[in-house]
Amino acid sequence: MKFTEFRRAALSLGIISIGLAGCQKKQQVQTQRPPAPNRPREPIAQAPPQSPPTPRRPTGQPDWFPRSGKISSRWTTIVVHHSATPTGNARTFDKGHRDKGWDELGYHFVIGNGSSSGDGQVEVGSRWHTQKHGAHCKTPDNYYNDHGIGICLVGDFTRTRPTQRQLASLQRLVAFLTGQCNIPDYKVTTHGLVTRKTLCPGRNFPIAWLRRSLALSDSPGMQPQ
Ligand SMILES: [Zn+2]
């Protein structure tokens with residue numbers, strides 16, 4: 001009986017020791033676990049610097065993005081023009097520029113006045129879709145063609161004024177482009193201010209109003225419509 005009791009005791013101790021060993025193993029496993037949850041967090045922690053910066057002014061229309069969906073980092077300025085004609089649209093200006101021997105429409109965008117396209121209608125030139133340099137503002141170093149987004153408003157603003165719809169579309173388009181390309185407002189300019197050799201876009205074009213309206217559009221409740 002005593003031997004049996006000893007065996008039982010020994011067995012129970014063994015079981016206890018196995019149980020303890022198991023506990024210790026579990027404890028060891030538990031003490032080794034903390035680094036494991038950190039592993040999947042590493043890529044999450046690295047993600048924010050890799051994500052694209054939030055555009056300063058995220059308004060605009062989906063078709064103002066190039067077909068590739070990606071806007072080049074080359075753009076640092078915006079140059080506004082008038083067509084110096086009472087009528088016209090992207091197609092007629094494209095033909096006129098090709099007739100001069102140019103590769104295609106020199107501007108990236110054309111904003112209609114209701115004559116040959118809608119009043120305030122924004123037409124996107126093929127240059128914009130391929131993010132190609134412009135052909136609208138010649139300077140000795142070609143900086144404004146290489147890095148300037150060319151926008152042409154249909155009309156002759158030495159004689160008339162842009163329509164309200166043209167100005168509303170221009171403000172919205174420029175707000176979109178400055179936001180997407182991080183272009184400061186003071187780098188929104190006109191053909192004449194750059195070269196000092198042309199009247200384009202005419203004395204009736206309100207560049208001061210455009211710059212002021214861009215600054216106001218950053219205020220809450222003043223987003224361009
Ligand atoms: Zn011009």
# chains A, B, ... in the order shown; residues from 1 in each chain; ligands from 1

$ residues_near_ligand --ligand "ligand 1" --cutoff "9 Å" --atoms "only C-alpha atoms and all ligand atoms" --output "PyMOL selection string"
chain A and resi 79-84+136-137+150-152+190-192+198-201

$ closest_residue --among "A:Thr189, A:Thr92, A:Asn113, A:Ser72" --to "Phe157 of chain A" --atoms "only C-alpha atoms"
A:Asn113

$ atom_distance --atom1 "atom CA of Ser169 of chain A" --atom2 "atom CA of Gly118 of chain A"
11.2 Å

$ closest_residue --among "A:Leu214, A:Val110, A:Leu167, A:Ile149" --to "Pro184 of chain A" --atoms "only C-alpha atoms"
A:Leu214

$ select_by_dssp --residues "segment 69-176 of chain A" --states "strand (DSSP E or B)" --output "VMD selection string"
chain A and resid 77 to 82 85 109 to 113 119 to 124 148 to 153 155
